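**Q** Contents of work_31.tsv (TSV, C-alpha atoms) are given next:
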```
chain	number	residue	atom	x	y	z
A	1	MET	CA	0.00	0.00	0.00
A	2	THR	CA	1.45	3.37	-1.03
A	3	LYS	CA	1.74	5.77	1.89
A	4	ALA	CA	1.38	9.55	1.59
A	5	LEU	CA	1.98	12.32	4.10
A	6	ILE	CA	-0.14	15.46	3.64
A	7	THR	CA	0.79	18.63	5.52
A	8	GLY	CA	-2.21	20.92	5.91
A	9	VAL	CA	-4.61	17.98	5.72
A	10	THR	CA	-7.42	19.90	7.44
A	11	GLY	CA	-7.43	22.62	4.77
A	12	GLN	CA	-9.50	22.69	1.61
A	13	ASP	CA	-6.87	21.09	-0.64
A	14	GLY	CA	-5.69	18.69	2.04
A	15	SER	CA	-9.19	17.34	2.59
A	16	TYR	CA	-9.88	16.80	-1.12
A	17	LEU	CA	-6.45	15.24	-1.66
A	18	ALA	CA	-6.85	12.88	1.30
A	19	GLU	CA	-10.23	11.74	-0.06
A	20	PHE	CA	-8.73	11.25	-3.52
A	21	LEU	CA	-5.80	9.20	-2.22
A	22	LEU	CA	-8.03	7.05	-0.02
A	23	GLU	CA	-10.05	6.19	-3.12
A	24	LYS	CA	-6.76	5.20	-4.78
A	25	GLY	CA	-6.05	2.79	-1.93
A	26	TYR	CA	-3.38	4.89	-0.20
A	27	ASP	CA	-2.47	4.83	3.45
A	28	VAL	CA	-2.85	8.54	4.31
A	29	ILE	CA	-0.96	10.34	7.09
A	30	GLY	CA	-2.29	13.82	7.86
A	31	MET	CA	-0.05	16.32	9.65
A	32	VAL	CA	-1.64	18.98	11.86
A	33	ARG	CA	-0.14	21.61	14.12
A	34	ARG	CA	-0.45	21.12	17.86
A	35	SER	CA	-3.26	23.51	18.69
A	36	SER	CA	-6.40	23.65	20.79
A	37	THR	CA	-8.24	25.19	17.83
A	38	VAL	CA	-7.61	22.66	15.05
A	39	ASN	CA	-10.72	22.44	12.88
A	40	PHE	CA	-11.40	18.91	11.63
A	41	GLY	CA	-14.68	19.88	9.97
A	42	ARG	CA	-13.48	19.31	6.41
A	43	ILE	CA	-12.21	15.79	7.13
A	44	LYS	CA	-14.64	14.54	9.77
A	45	HIS	CA	-16.49	12.30	7.28
A	46	PHE	CA	-13.33	10.26	6.67
A	47	GLN	CA	-11.12	11.17	9.65
A	48	GLU	CA	-11.15	7.62	11.05
A	49	LYS	CA	-9.67	6.32	7.79
A	50	ILE	CA	-6.45	8.35	8.04
A	51	THR	CA	-3.69	8.69	10.63
A	52	ILE	CA	-3.39	12.14	12.21
A	53	VAL	CA	0.08	13.10	13.43
A	54	PRO	CA	1.27	16.30	15.14
A	55	GLY	CA	3.93	18.30	13.34
A	56	ASP	CA	4.90	21.85	12.48
A	57	LEU	CA	6.67	23.46	9.53
A	58	LEU	CA	8.34	25.74	12.09
A	59	ASP	CA	9.92	22.72	13.82
A	60	GLN	CA	12.22	20.63	11.63
A	61	MET	CA	12.72	17.87	14.21
A	62	SER	CA	8.98	17.18	14.24
A	63	LEU	CA	9.17	16.66	10.47
A	64	VAL	CA	12.19	14.37	10.76
A	65	GLU	CA	10.42	12.28	13.40
A	66	ILE	CA	7.29	11.90	11.27
A	67	LEU	CA	9.33	10.73	8.28
A	68	GLN	CA	11.33	8.31	10.41
A	69	GLU	CA	8.24	6.82	12.05
A	70	HIS	CA	5.86	6.58	9.10
A	71	HIS	CA	8.15	6.17	6.06
A	72	PRO	CA	5.86	7.83	3.46
A	73	ASP	CA	6.42	7.21	-0.25
A	74	GLU	CA	5.01	10.63	-1.15
A	75	VAL	CA	4.85	13.95	0.71
A	76	TYR	CA	2.40	16.67	-0.32
A	77	ASN	CA	3.27	20.01	1.28
A	78	LEU	CA	-0.02	21.91	1.35
A	79	ALA	CA	0.46	23.66	4.71
A	80	ALA	CA	1.02	27.41	4.58
A	81	GLN	CA	-0.16	30.78	5.76
A	82	SER	CA	-2.23	30.97	2.59
A	83	PHE	CA	-4.42	34.07	2.88
A	84	VAL	CA	-2.87	36.92	0.91
A	85	PRO	CA	-4.28	39.88	2.95
A	86	THR	CA	-3.07	38.27	6.20
A	87	SER	CA	0.44	38.11	4.76
A	88	TRP	CA	0.56	41.90	4.87
A	89	ASN	CA	-0.30	41.88	8.58
A	90	GLN	CA	1.96	38.91	9.39
A	91	PRO	CA	4.79	39.06	6.82
A	92	VAL	CA	7.46	37.47	9.03
A	93	PHE	CA	5.23	34.57	10.10
A	94	THR	CA	4.19	34.07	6.47
A	95	GLY	CA	7.84	33.84	5.48
A	96	GLU	CA	8.66	31.39	8.30
A	97	VAL	CA	5.85	29.00	7.35
A	98	THR	CA	5.26	29.47	3.64
A	99	ALA	CA	8.92	29.94	2.63
A	100	LEU	CA	11.30	28.48	5.20
A	101	GLY	CA	8.84	25.72	6.08
A	102	VAL	CA	9.45	24.27	2.62
A	103	THR	CA	13.19	24.17	3.27
A	104	ARG	CA	12.68	22.39	6.57
A	105	ILE	CA	10.62	19.61	5.05
A	106	LEU	CA	12.89	19.23	2.02
A	107	ASP	CA	15.93	19.00	4.27
A	108	ALA	CA	14.14	16.44	6.46
A	109	ILE	CA	13.50	14.34	3.35
A	110	ARG	CA	17.14	14.72	2.27
A	111	MET	CA	18.35	13.47	5.66
A	112	VAL	CA	15.81	10.69	6.27
A	113	ASP	CA	15.00	9.22	2.85
A	114	PRO	CA	15.93	11.00	-0.41
A	115	SER	CA	13.78	8.57	-2.40
A	116	ILE	CA	10.55	10.16	-1.09
A	117	LYS	CA	8.57	11.94	-3.81
A	118	PHE	CA	7.79	15.54	-2.79
A	119	TYR	CA	5.07	17.90	-4.02
A	120	GLN	CA	5.28	21.63	-3.31
A	121	ALA	CA	2.14	23.74	-3.55
A	122	SER	CA	3.30	26.78	-5.50
A	123	SER	CA	0.89	29.56	-6.45
A	124	SER	CA	-0.15	31.81	-9.31
A	125	GLU	CA	0.39	34.70	-6.87
A	126	MET	CA	4.08	34.29	-7.68
A	127	PHE	CA	3.40	35.88	-11.09
A	128	GLY	CA	1.87	38.97	-9.45
A	129	LYS	CA	2.47	41.91	-11.77
A	130	VAL	CA	2.37	39.66	-14.79
A	131	ARG	CA	5.08	39.81	-17.43
A	132	GLU	CA	2.96	38.02	-20.05
A	133	VAL	CA	-0.57	36.71	-20.59
A	134	PRO	CA	-1.27	33.85	-20.19
A	135	GLN	CA	1.30	32.68	-17.66
A	136	ASN	CA	3.17	29.38	-18.07
A	137	GLU	CA	6.03	27.53	-16.37
A	138	ASN	CA	8.62	29.87	-17.91
A	139	THR	CA	6.90	33.19	-17.15
A	140	PRO	CA	9.07	35.39	-14.86
A	141	PHE	CA	7.79	35.92	-11.33
A	142	TYR	CA	6.92	39.38	-9.97
A	143	PRO	CA	5.11	38.76	-6.66
A	144	ARG	CA	2.99	41.57	-5.21
A	145	SER	CA	2.50	40.42	-1.62
A	146	PRO	CA	4.52	38.84	1.20
A	147	TYR	CA	2.59	35.64	0.46
A	148	GLY	CA	3.63	35.73	-3.19
A	149	VAL	CA	7.25	36.41	-2.23
A	150	ALA	CA	7.22	33.49	0.22
A	151	LYS	CA	5.78	31.19	-2.41
A	152	VAL	CA	8.53	32.19	-4.85
A	153	TYR	CA	11.10	31.17	-2.24
A	154	GLY	CA	9.31	27.85	-1.66
A	155	HIS	CA	9.17	27.22	-5.39
A	156	TRP	CA	12.85	27.91	-6.05
A	157	ILE	CA	14.13	26.02	-2.99
A	158	THR	CA	12.18	23.02	-4.31
A	159	VAL	CA	13.91	23.37	-7.69
A	160	ASN	CA	17.26	23.81	-5.94
A	161	TYR	CA	16.90	20.66	-3.84
A	162	ARG	CA	15.83	18.77	-6.96
A	163	GLU	CA	18.87	19.89	-8.91
A	164	SER	CA	21.40	19.87	-6.05
A	165	TYR	CA	20.47	16.68	-4.22
A	166	GLY	CA	18.59	14.72	-6.88
A	167	LEU	CA	15.35	14.74	-4.90
A	168	CYS	CA	12.14	13.85	-6.69
A	169	ALA	CA	10.76	17.31	-5.89
A	170	THR	CA	7.93	18.65	-8.03
A	171	SER	CA	6.26	22.05	-7.93
A	172	GLY	CA	2.64	22.61	-8.94
A	173	ILE	CA	1.93	26.24	-9.80
A	174	LEU	CA	-1.80	26.21	-9.09
A	175	PHE	CA	-4.02	29.10	-10.09
A	176	ASN	CA	-6.98	30.03	-7.91
A	177	HIS	CA	-9.11	27.05	-6.96
A	178	THR	CA	-12.02	26.95	-4.61
A	179	SER	CA	-14.98	24.89	-3.40
A	180	PRO	CA	-17.71	24.80	-0.75
A	181	ARG	CA	-14.90	23.85	1.67
A	182	ARG	CA	-12.98	27.09	1.09
A	183	GLY	CA	-12.62	29.50	4.01
A	184	LEU	CA	-14.93	32.52	4.12
A	185	GLU	CA	-11.96	34.87	3.75
A	186	PHE	CA	-11.43	33.78	0.12
A	187	VAL	CA	-13.30	35.89	-2.38
A	188	LEU	CA	-15.59	33.51	-4.29
A	189	ARG	CA	-16.60	31.70	-1.09
A	190	LYS	CA	-17.16	35.09	0.55
A	191	ILE	CA	-19.43	36.01	-2.35
A	192	THR	CA	-21.46	32.78	-2.41
A	193	HIS	CA	-21.82	32.78	1.37
A	194	GLY	CA	-22.92	36.42	1.23
A	195	VAL	CA	-25.44	35.62	-1.50
A	196	ALA	CA	-26.89	32.82	0.62
A	197	LYS	CA	-27.17	35.09	3.68
A	198	ILE	CA	-28.96	37.78	1.67
A	199	LYS	CA	-31.25	35.26	-0.03
A	200	LEU	CA	-32.25	33.84	3.37
A	201	GLY	CA	-32.82	37.28	4.89
A	202	LEU	CA	-29.79	37.04	7.18
A	203	ALA	CA	-27.95	40.03	5.67
A	204	ASN	CA	-28.65	42.99	3.43
A	205	GLU	CA	-25.25	43.78	1.91
A	206	LEU	CA	-21.92	42.29	0.89
A	207	ARG	CA	-18.72	44.33	1.24
A	208	LEU	CA	-15.91	43.64	-1.22
A	209	GLY	CA	-12.70	45.26	-2.43
A	210	ASN	CA	-11.54	45.68	-6.02
A	211	LEU	CA	-14.24	44.36	-8.37
A	212	ASP	CA	-12.03	44.61	-11.45
A	213	SER	CA	-9.41	42.06	-10.35
A	214	CYS	CA	-9.45	39.03	-12.63
A	215	ARG	CA	-8.66	35.45	-11.66
A	216	ASP	CA	-8.34	32.09	-13.35
A	217	ILE	CA	-10.41	29.99	-10.96
A	218	GLY	CA	-11.30	26.30	-10.87
A	219	PHE	CA	-12.62	23.54	-8.61
A	220	ALA	CA	-10.23	22.34	-5.90
A	221	GLY	CA	-11.39	18.74	-6.32
A	222	ASP	CA	-10.08	18.79	-9.90
A	223	TYR	CA	-6.77	20.36	-8.91
A	224	VAL	CA	-5.76	17.77	-6.31
A	225	GLU	CA	-5.88	15.11	-9.03
A	226	ALA	CA	-3.22	17.13	-10.86
A	227	MET	CA	-1.04	17.07	-7.74
A	228	TRP	CA	-1.18	13.28	-7.66
A	229	LEU	CA	-0.54	12.97	-11.41
A	230	MET	CA	2.63	15.05	-11.05
A	231	LEU	CA	4.14	12.58	-8.59
A	232	GLN	CA	3.35	9.65	-10.87
A	233	GLN	CA	5.67	10.96	-13.60
A	234	PRO	CA	9.10	9.37	-14.10
A	235	GLU	CA	10.89	12.71	-13.58
A	236	PRO	CA	10.07	15.68	-11.27
A	237	ASP	CA	9.18	18.98	-12.92
A	238	ASN	CA	7.12	22.18	-12.62
A	239	TYR	CA	3.53	22.38	-13.88
A	240	VAL	CA	0.99	25.19	-14.19
A	241	ILE	CA	-2.52	24.05	-13.28
A	242	ALA	CA	-5.28	26.38	-14.48
A	243	THR	CA	-8.50	26.58	-16.49
A	244	GLY	CA	-7.18	29.07	-19.07
A	245	GLU	CA	-10.17	31.35	-18.43
A	246	THR	CA	-10.25	34.54	-16.41
A	247	HIS	CA	-13.18	36.05	-14.50
A	248	SER	CA	-13.47	39.37	-12.68
A	249	ILE	CA	-14.79	39.73	-9.14
A	250	ARG	CA	-17.67	41.65	-10.72
A	251	GLU	CA	-18.52	38.66	-12.93
A	252	MET	CA	-18.38	36.37	-9.90
A	253	CYS	CA	-20.96	38.61	-8.24
A	254	GLU	CA	-23.14	38.67	-11.34
A	255	LYS	CA	-23.17	34.87	-11.63
A	256	ALA	CA	-23.67	34.13	-7.93
A	257	PHE	CA	-26.39	36.72	-7.27
A	258	GLY	CA	-28.05	35.97	-10.60
A	259	TYR	CA	-28.23	32.25	-9.83
A	260	ALA	CA	-30.07	33.14	-6.60
A	261	GLY	CA	-32.45	35.46	-8.47
A	262	LEU	CA	-30.90	38.66	-7.08
A	263	ASP	CA	-29.40	41.82	-8.60
A	264	TRP	CA	-25.86	42.09	-7.29
A	265	GLN	CA	-25.75	45.87	-7.74
A	266	GLU	CA	-28.42	46.27	-5.06
A	267	TYR	CA	-26.30	44.54	-2.41
A	268	VAL	CA	-22.57	44.80	-3.17
A	269	VAL	CA	-20.68	47.66	-1.51
A	270	GLN	CA	-17.05	48.42	-2.35
A	271	ASP	CA	-15.06	48.85	0.86
A	272	PRO	CA	-11.54	50.37	0.84
A	273	ARG	CA	-10.62	48.12	3.79
A	274	PHE	CA	-10.52	45.16	1.40
A	275	MET	CA	-8.19	46.77	-1.14
A	276	ARG	CA	-4.68	45.28	-1.28
A	277	PRO	CA	-1.65	47.59	-0.89
A	278	ALA	CA	-0.36	46.20	-4.22
A	279	GLU	CA	-3.01	44.63	-6.41
A	280	VAL	CA	-2.67	41.67	-8.75
A	281	ASP	CA	-4.89	42.60	-11.66
A	282	LEU	CA	-4.90	39.76	-14.19
A	283	LEU	CA	-3.99	36.13	-13.69
A	284	VAL	CA	-4.75	33.50	-16.34
A	285	GLY	CA	-2.80	30.29	-16.75
A	286	ASP	CA	-1.57	28.24	-19.68
A	287	ALA	CA	-1.89	24.62	-18.53
A	288	SER	CA	-0.98	23.07	-21.89
A	289	LYS	CA	2.02	21.28	-20.39
A	290	ALA	CA	-0.18	19.63	-17.75
A	291	ARG	CA	-2.68	18.72	-20.44
A	292	ASN	CA	-0.03	17.19	-22.72
A	293	VAL	CA	2.19	15.49	-20.12
A	294	LEU	CA	-0.22	14.63	-17.31
A	295	GLY	CA	-3.38	14.23	-19.37
A	296	TRP	CA	-5.10	16.59	-16.93
A	297	GLU	CA	-8.16	18.70	-17.72
A	298	PRO	CA	-10.51	20.57	-15.36
A	299	ARG	CA	-13.95	18.95	-15.18
A	300	ILE	CA	-16.01	21.60	-13.37
A	301	GLY	CA	-16.51	24.87	-15.27
A	302	PHE	CA	-16.77	28.34	-13.73
A	303	GLU	CA	-20.54	28.71	-13.86
A	304	ARG	CA	-21.16	25.23	-12.44
A	305	LEU	CA	-18.63	25.93	-9.68
A	306	VAL	CA	-20.44	29.13	-8.67
A	307	GLN	CA	-23.80	27.34	-8.64
A	308	MET	CA	-22.39	24.45	-6.60
A	309	MET	CA	-21.04	26.85	-3.99
A	310	VAL	CA	-24.23	28.93	-3.76
A	311	ASP	CA	-26.27	25.74	-3.30
A	312	ALA	CA	-23.88	24.49	-0.61
A	313	ASP	CA	-23.98	27.78	1.29
A	314	LEU	CA	-27.76	27.98	1.11
A	315	GLU	CA	-27.95	24.47	2.56
A	316	LEU	CA	-25.34	25.22	5.24
A	317	LEU	CA	-26.94	28.46	6.43
A	318	SER	CA	-30.45	27.01	6.32
A	319	ARG	CA	-29.30	24.16	8.54
A	320	GLU	CA	-27.38	26.40	10.93
A	321	ASN	CA	-30.31	28.80	11.33
A	322	GLY	CA	-33.08	26.21	11.57
A	323	LEU	CA	-34.57	27.19	8.22
A	324	VAL	CA	-34.68	23.67	6.74
```
Do you think you could lay out the structure here as structure tokens?
**A**
Amino acid sequence: MTKALITGVTGQDGSYLAEFLLEKGYDVIGMVRRSSTVNFGRIKHFQEKITIVPGDLLDQMSLVEILQEHHPDEVYNLAAQSFVPTSWNQPVFTGEVTALGVTRILDAIRMVDPSIKFYQASSSEMFGKVREVPQNENTPFYPRSPYGVAKVYGHWITVNYRESYGLCATSGILFNHTSPRRGLEFVLRKITHGVAKIKLGLANELRLGNLDSCRDIGFAGDYVEAMWLMLQQPEPDNYVIATGETHSIREMCEKAFGYAGLDWQEYVVQDPRFMRPAEVDLLVGDASKARNVLGWEPRIGFERLVQMMVDADLELLSRENGLV
């Protein structure tokens, strides 16, 4: 039985990846930080099928001990301080976890078992102030946030350990991906949750930042399959994972409110508090390499994704407020 370690297993991507690997017959080890506030909500429906272990990207010895005890064949590093606005308020912490944390786990693999296959969750935020449209594996990086800068470090240290130590270290440059399991701080989930609250009479407005920002956004459940496919290749490499389509925050509002039978312009309020100090205006990925090498294609389109998330939030809020 193939064994995989997932850091950040309680997050959106970690939960979908763990489900996917269980279906593939994997033995799944999920790493969580020691904390009294760990939220197991995303994995509670399969939590008994995986092994939960304590560990921390800030503590290299905890990573070494996990590798020595559990001997995983594959490691998926999905743990990070992953909310871009928070990276402005906590830039040093973001760097410690999202950048140096990658080095700690790579070095642990180098010391314990260099044959382990490693996946690093890189991000389209690395492109930032884009140098070309669309962005591919060779597009220069120009990050526009501490989060983006940290991800660039994590990406290049992965490449460096691959080339310097011969590690099977792969980097997936994933563009925005979301789902009903996404945190409320992420924009499309914030929109669909806000739509559901307004539709159910629980709110009368939704405050957002820049409505003109454009993102290439897909379904997280599709993207975790790409992570797995990368580690099944004979050689490690870098891959852009994206839909190839871009949608503005305004269009997200139009689709989500429209699906609920509402006019978004009656409820959306632009709030300067949600504007980034340095904005990323246009991200759209060229995933032709992933399509040609991995055979990967996204299955859930933008409009279906929005509808899925609105439906899920309507169901969630109705249940929570006794409206079912």
**Q** Please tabulate, as CSV, the residues of region 63-178 of chain A that come within 8 Å of region 204-217 of chain A, each with its closest pair of atoms and the distance in Å to one decimal, counting all atoms listed in the file and ordering rows by chain, then residue number upward.
**A**
```
residue,atom,partner,partner_atom,distance
A:Phe175,CA,A:Asp216,CA,6.2
A:Asn176,CA,A:Ile217,CA,4.6
A:His177,CA,A:Ile217,CA,5.1
A:Thr178,CA,A:Ile217,CA,7.2
```
**Q** Suppose we keep C-alpha atoms; can you now write the selection as a PDB file, in the coordinates of the input?
**A**
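Printed below is selection-v5.pdb as written:
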```pdb
ATOM      1  CA  PHE A 175      -4.020  29.100 -10.090  1.00  0.00           C
ATOM      2  CA  ASN A 176      -6.980  30.030  -7.910  1.00  0.00           C
ATOM      3  CA  HIS A 177      -9.110  27.050  -6.960  1.00  0.00           C
ATOM      4  CA  THR A 178     -12.020  26.950  -4.610  1.00  0.00           C
TER       5      THR A 178
END
```
**Q** For Gly244 (chain A), which of A:Gly301, A:Pro134, A:Gly183, A:Gly258 is the closest residue, counting all atoms listed in the file?
**A**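 Checking each of A:Gly301, A:Pro134, A:Gly183, A:Gly258 against Gly244 (chain A), counting all atoms listed in the file, the winner is A:Pro134.
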**Q** So, counting all atoms listed in the file, which residue among A:Tyr76, A:Phe40, A:Tyr165, A:Tyr239 is closest to Ser123 (chain A)?
**A**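 Of A:Tyr76, A:Phe40, A:Tyr165, A:Tyr239, the one nearest Ser123 (chain A), counting all atoms listed in the file, is A:Tyr239.
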**Q** Ranking A:Ile105, A:Leu21, A:Leu100, A:Val152 by minimum distance to Ile66 (chain A) and counting all atoms listed in the file, which one comes first?
**A**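 The shortest atom-to-atom distance to Ile66 (chain A) comes from A:Ile105.
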**Q** Can you list, as an MDAnalysis selection string, every protein, DNA or RNA residue that comes within 12 Å of Arg291 (chain A) when you count only C-alpha atoms, leaving out same-chain residues fewer than 4 positions away?
**A** chainID A and resid 226 229:230 239:244 286:287 295:298
**Q** Quick one, how far is CA of Val284 (chain A) from CA of Arg144 (chain A)?
**A**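 It comes out at 15.8 Å.
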**Q** Near region 148-150 of chain A, counting only C-alpha atoms, which residues have an atom at most 12 Å away, once you skip same-chain residues fewer than 4 positions from it, shown as a ChimeraX atom specification?
**A** /A:80-88,90-103,121-129,141-144,154-157,173,278-280
**Q** Using all atoms listed in the file, determine which residues lie at most 12 Å from Leu78 (chain A), disregarding the query and same-chain residues fewer than 5 positions distant; provide the list as a PDB file with C-alpha atoms, in the coordinates of the input.
**A**
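Okay, part_29.pdb is ready:
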```pdb
ATOM      1  CA  LEU A   5       1.980  12.320   4.100  1.00  0.00           C
ATOM      2  CA  ILE A   6      -0.140  15.460   3.640  1.00  0.00           C
ATOM      3  CA  THR A   7       0.790  18.630   5.520  1.00  0.00           C
ATOM      4  CA  GLY A   8      -2.210  20.920   5.910  1.00  0.00           C
ATOM      5  CA  VAL A   9      -4.610  17.980   5.720  1.00  0.00           C
ATOM      6  CA  THR A  10      -7.420  19.900   7.440  1.00  0.00           C
ATOM      7  CA  GLY A  11      -7.430  22.620   4.770  1.00  0.00           C
ATOM      8  CA  GLN A  12      -9.500  22.690   1.610  1.00  0.00           C
ATOM      9  CA  ASP A  13      -6.870  21.090  -0.640  1.00  0.00           C
ATOM     10  CA  GLY A  14      -5.690  18.690   2.040  1.00  0.00           C
ATOM     11  CA  SER A  15      -9.190  17.340   2.590  1.00  0.00           C
ATOM     12  CA  TYR A  16      -9.880  16.800  -1.120  1.00  0.00           C
ATOM     13  CA  LEU A  17      -6.450  15.240  -1.660  1.00  0.00           C
ATOM     14  CA  ALA A  18      -6.850  12.880   1.300  1.00  0.00           C
ATOM     15  CA  GLY A  30      -2.290  13.820   7.860  1.00  0.00           C
ATOM     16  CA  MET A  31      -0.050  16.320   9.650  1.00  0.00           C
ATOM     17  CA  VAL A  32      -1.640  18.980  11.860  1.00  0.00           C
ATOM     18  CA  LEU A  57       6.670  23.460   9.530  1.00  0.00           C
ATOM     19  CA  VAL A  97       5.850  29.000   7.350  1.00  0.00           C
ATOM     20  CA  THR A  98       5.260  29.470   3.640  1.00  0.00           C
ATOM     21  CA  GLY A 101       8.840  25.720   6.080  1.00  0.00           C
ATOM     22  CA  VAL A 102       9.450  24.270   2.620  1.00  0.00           C
ATOM     23  CA  ILE A 105      10.620  19.610   5.050  1.00  0.00           C
ATOM     24  CA  PHE A 118       7.790  15.540  -2.790  1.00  0.00           C
ATOM     25  CA  TYR A 119       5.070  17.900  -4.020  1.00  0.00           C
ATOM     26  CA  GLN A 120       5.280  21.630  -3.310  1.00  0.00           C
ATOM     27  CA  ALA A 121       2.140  23.740  -3.550  1.00  0.00           C
ATOM     28  CA  SER A 122       3.300  26.780  -5.500  1.00  0.00           C
ATOM     29  CA  SER A 123       0.890  29.560  -6.450  1.00  0.00           C
ATOM     30  CA  LYS A 151       5.780  31.190  -2.410  1.00  0.00           C
ATOM     31  CA  GLY A 154       9.310  27.850  -1.660  1.00  0.00           C
ATOM     32  CA  SER A 171       6.260  22.050  -7.930  1.00  0.00           C
ATOM     33  CA  GLY A 172       2.640  22.610  -8.940  1.00  0.00           C
ATOM     34  CA  LEU A 174      -1.800  26.210  -9.090  1.00  0.00           C
ATOM     35  CA  VAL A 224      -5.760  17.770  -6.310  1.00  0.00           C
ATOM     36  CA  MET A 227      -1.040  17.070  -7.740  1.00  0.00           C
TER      37      MET A 227
END
```
